[in-house]
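Dumped entry-v3.cif below, it's mmCIF, C-alpha atoms:
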```cif
data_structure
loop_
_atom_site.label_atom_id
_atom_site.label_comp_id
_atom_site.auth_asym_id
_atom_site.auth_seq_id
_atom_site.Cartn_x
_atom_site.Cartn_y
_atom_site.Cartn_z
CA MET L 743 7.14 -157.93 91.43
CA ASN L 744 7.52 -159.58 94.82
CA THR L 745 4.77 -157.30 96.17
CA ASP L 746 2.31 -158.65 93.57
CA LYS L 747 3.07 -162.20 94.68
CA ASP L 748 2.63 -161.23 98.33
CA ASP L 749 -0.70 -159.58 97.53
CA LEU L 750 -1.88 -162.70 95.71
CA VAL L 751 -0.90 -164.93 98.63
CA LYS L 752 -2.67 -162.55 101.04
CA PHE L 753 -5.79 -162.55 98.85
CA LEU L 754 -5.90 -166.35 98.48
CA THR L 755 -5.24 -166.89 102.18
CA THR L 756 -8.05 -164.52 103.05
CA LEU L 757 -10.45 -166.24 100.66
CA ALA L 758 -9.56 -169.68 102.00
CA LEU L 759 -10.00 -168.63 105.62
CA ILE L 760 -13.24 -166.69 105.22
CA PHE L 761 -14.93 -169.14 102.84
CA GLY L 762 -13.66 -172.06 104.92
CA GLY L 763 -15.22 -170.55 108.03
CA LEU L 764 -18.47 -169.83 106.22
CA GLY L 765 -18.41 -173.36 104.79
CA ILE L 766 -18.16 -174.84 108.27
CA VAL L 767 -21.14 -172.77 109.44
CA GLY L 768 -23.06 -173.78 106.31
CA TRP L 769 -22.37 -177.45 106.96
CA GLN L 770 -23.41 -177.09 110.60
CA VAL L 771 -26.67 -175.38 109.64
CA TYR L 772 -27.36 -178.02 106.97
CA GLU L 773 -26.77 -180.85 109.47
CA TYR L 774 -28.99 -179.14 112.03
CA LEU L 775 -31.84 -178.52 109.60
CA ARG L 776 -31.67 -182.04 108.20
CA TYR L 777 -31.00 -184.10 111.35
CA SER L 778 -31.80 -181.66 114.19
CA THR L 779 -28.30 -182.18 115.58
CA TRP L 780 -25.77 -179.38 115.95
CA ASN L 781 -22.23 -180.60 115.28
CA SER L 782 -19.90 -178.40 117.26
CA VAL L 783 -16.53 -177.81 115.58
CA SER L 784 -13.99 -176.09 117.81
CA VAL L 785 -10.35 -175.15 117.37
CA ILE L 786 -9.49 -178.24 119.45
CA THR L 787 -11.52 -180.39 117.04
CA ALA L 788 -9.36 -179.15 114.16
CA LEU L 789 -6.17 -179.77 116.13
CA GLN L 790 -7.39 -183.29 116.92
CA TRP L 791 -8.08 -183.89 113.20
CA MET L 792 -4.45 -182.91 112.60
CA LYS L 793 -3.38 -185.49 115.19
CA ILE L 794 -1.79 -182.91 117.53
CA HIS L 795 -1.00 -184.95 120.64
CA TRP L 796 -1.62 -182.09 123.07
CA ALA L 797 -5.14 -181.56 121.69
CA MET L 798 -6.02 -185.22 122.14
CA ASN L 799 -4.49 -185.67 125.59
CA PRO L 800 -3.56 -182.42 127.32
CA THR L 801 -1.32 -182.74 130.35
CA ASP L 802 -0.36 -179.07 130.55
CA TRP L 803 -2.06 -175.77 129.70
CA ILE L 804 -5.46 -177.26 130.56
CA GLY L 805 -7.10 -173.83 130.75
CA LEU L 806 -5.98 -173.01 127.20
CA HIS L 807 -7.31 -176.38 126.06
CA ASN L 808 -10.68 -175.58 127.66
CA ILE L 809 -10.84 -172.15 126.00
CA LEU L 810 -9.94 -173.56 122.58
CA SER L 811 -12.50 -176.33 122.98
CA MET L 812 -15.18 -173.64 123.44
CA THR L 813 -13.92 -171.45 120.56
CA PRO L 814 -15.74 -172.11 117.27
CA LEU L 815 -13.38 -172.95 114.42
CA SER L 816 -15.56 -171.09 111.92
CA LEU L 817 -15.41 -167.85 113.90
CA THR L 818 -11.66 -168.24 114.37
CA MET L 819 -11.11 -168.70 110.64
CA ILE L 820 -13.26 -165.70 109.73
CA VAL L 821 -11.55 -163.46 112.31
CA ILE L 822 -8.06 -164.50 111.16
CA GLY L 823 -9.10 -163.89 107.53
CA TRP L 824 -10.34 -160.44 108.51
CA MET L 825 -7.07 -159.79 110.34
CA VAL L 826 -5.12 -160.72 107.18
CA VAL L 827 -7.19 -158.22 105.19
CA MET L 828 -6.62 -155.51 107.77
CA SER L 829 -2.89 -156.11 108.13
CA ASP L 830 -0.73 -153.53 106.43
CA ASN L 831 2.65 -154.87 105.40
CA ASN L 832 3.65 -151.89 103.28
#
```

Could you write out this structure as structure tokens?
Amino acid sequence: MNTDKDDLVKFLTTLALIFGGLGIVGWQVYEYLRYSTWNSVSVITALQWMKIHWAMNPTDWIGLHNILSMTPLSLTMIVIGWMVVMSDNN
């Protein structure tokens, strides 16, 4: 019975990640088509929304901050969702 619950959590997590990532891309495309402005949303942007101090004012690991600021949040969410699907916990 615990396996069924784990499978449901895995399924819902995957749906949330993949559709969340696609939703971000959809919003970006909509904003671009309507206003001709591309709103970049990176992993750092999400961390800043969550009020993570390091993301707002990095004093260490500056290279990692730079990489995450160039990494699209939508792509990250879709890749993590795909990784959840491909993981085999059996």

Checklist entry - Do you have the CA of Ile760 in chain L-CA of Met819 in chain L distance handy? => result 6.2 Å

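Going from CA of Thr756 in chain L over to CA of Ile820 in chain L, you cover 8.6 Å.
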
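The coordinates place CA of Leu789 in chain L at 10.6 Å from CA of His807 in chain L.
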
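When you apply the PyMOL selection byres ((chain L and resi 755) around 12) to this structure, what comes back is Asp748, Asp749, Leu750, Val751, Lys752, Phe753, Leu754, Thr756, Leu757, Ala758, Leu759, Ile760, Phe761, Gly762, Met819, Ile820, Ile822, Gly823, Trp824, Met825, Val826 and Val827 of chain L.
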
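Of the residues under consideration (L:Ile794, L:Leu806, L:Gly765, L:Pro814), L:Pro814 shows the shortest atom-to-atom contact distance to Ser782 in chain L when counting all atoms listed in the file.
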
Item to check | Long-range neighbours of Asn781 in chain L as a list in words, 9 Å cut-off, only C-alpha atoms, 4 positions minimum in chain | outcome: Trp769, Gln770, Val771, Glu773 and Tyr774 of chain L

Checklist entry - Written as a PyMOL selection string, what is the full residue list that the PyMOL selection byres ((chain L and resi 785) around 10) yields on the file shown? => result chain L and resi 783-784+786-791+797+807+809-819

Box time for range 808-817 of chain L: axis-aligned, enclosing all its listed atoms, 4 Å extra on each side; report centre and edge lengths in Å to one decimal, as AutoDock Vina command-line options.
```
--center_x -12.8 --center_y -172.1 --center_z 119.8 --size_x 13.8 --size_y 16.5 --size_z 23.7
```

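Distance check against Gly763 in chain L using only C-alpha atoms: of L:Trp780, L:Val821, L:Met792, L:Leu775, the minimum falls on L:Val821.
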
Missing atoms in range 800-813 of chain L: can you complete it with N, CA and C atoms, as a CSV table (one decimal), in the frame of the given file?
```csv
chain,number,residue,atom,x,y,z
L,800,PRO,N,-4.3,-183.5,126.7
L,800,PRO,CA,-3.6,-182.4,127.3
L,800,PRO,C,-3.1,-182.8,128.7
L,801,THR,N,-1.8,-182.5,129.0
L,801,THR,CA,-1.3,-182.7,130.4
L,801,THR,C,-0.8,-181.4,131.0
L,802,ASP,N,-0.8,-180.4,130.1
L,802,ASP,CA,-0.4,-179.1,130.6
L,802,ASP,C,-1.2,-178.0,129.8
L,803,TRP,N,-1.3,-176.8,130.3
L,803,TRP,CA,-2.1,-175.8,129.7
L,803,TRP,C,-3.5,-176.2,129.5
L,804,ILE,N,-4.1,-176.8,130.6
L,804,ILE,CA,-5.5,-177.3,130.6
L,804,ILE,C,-6.5,-176.1,130.3
L,805,GLY,N,-6.2,-175.0,130.9
L,805,GLY,CA,-7.1,-173.8,130.8
L,805,GLY,C,-7.2,-173.4,129.3
L,806,LEU,N,-6.0,-173.4,128.6
L,806,LEU,CA,-6.0,-173.0,127.2
L,806,LEU,C,-6.7,-174.0,126.4
L,807,HIS,N,-6.6,-175.3,126.7
L,807,HIS,CA,-7.3,-176.4,126.1
L,807,HIS,C,-8.8,-176.2,126.2
L,808,ASN,N,-9.3,-175.8,127.4
L,808,ASN,CA,-10.7,-175.6,127.7
L,808,ASN,C,-11.2,-174.4,126.8
L,809,ILE,N,-10.4,-173.3,126.8
L,809,ILE,CA,-10.8,-172.2,126.0
L,809,ILE,C,-10.9,-172.5,124.5
L,810,LEU,N,-9.9,-173.2,124.0
L,810,LEU,CA,-9.9,-173.6,122.6
L,810,LEU,C,-11.0,-174.6,122.3
L,811,SER,N,-11.4,-175.4,123.2
L,811,SER,CA,-12.5,-176.3,123.0
L,811,SER,C,-13.9,-175.6,122.9
L,812,MET,N,-13.9,-174.4,123.5
L,812,MET,CA,-15.2,-173.6,123.4
L,812,MET,C,-15.2,-172.6,122.3
L,813,THR,N,-14.0,-172.4,121.6
L,813,THR,CA,-13.9,-171.4,120.6
L,813,THR,C,-14.3,-172.1,119.2
```
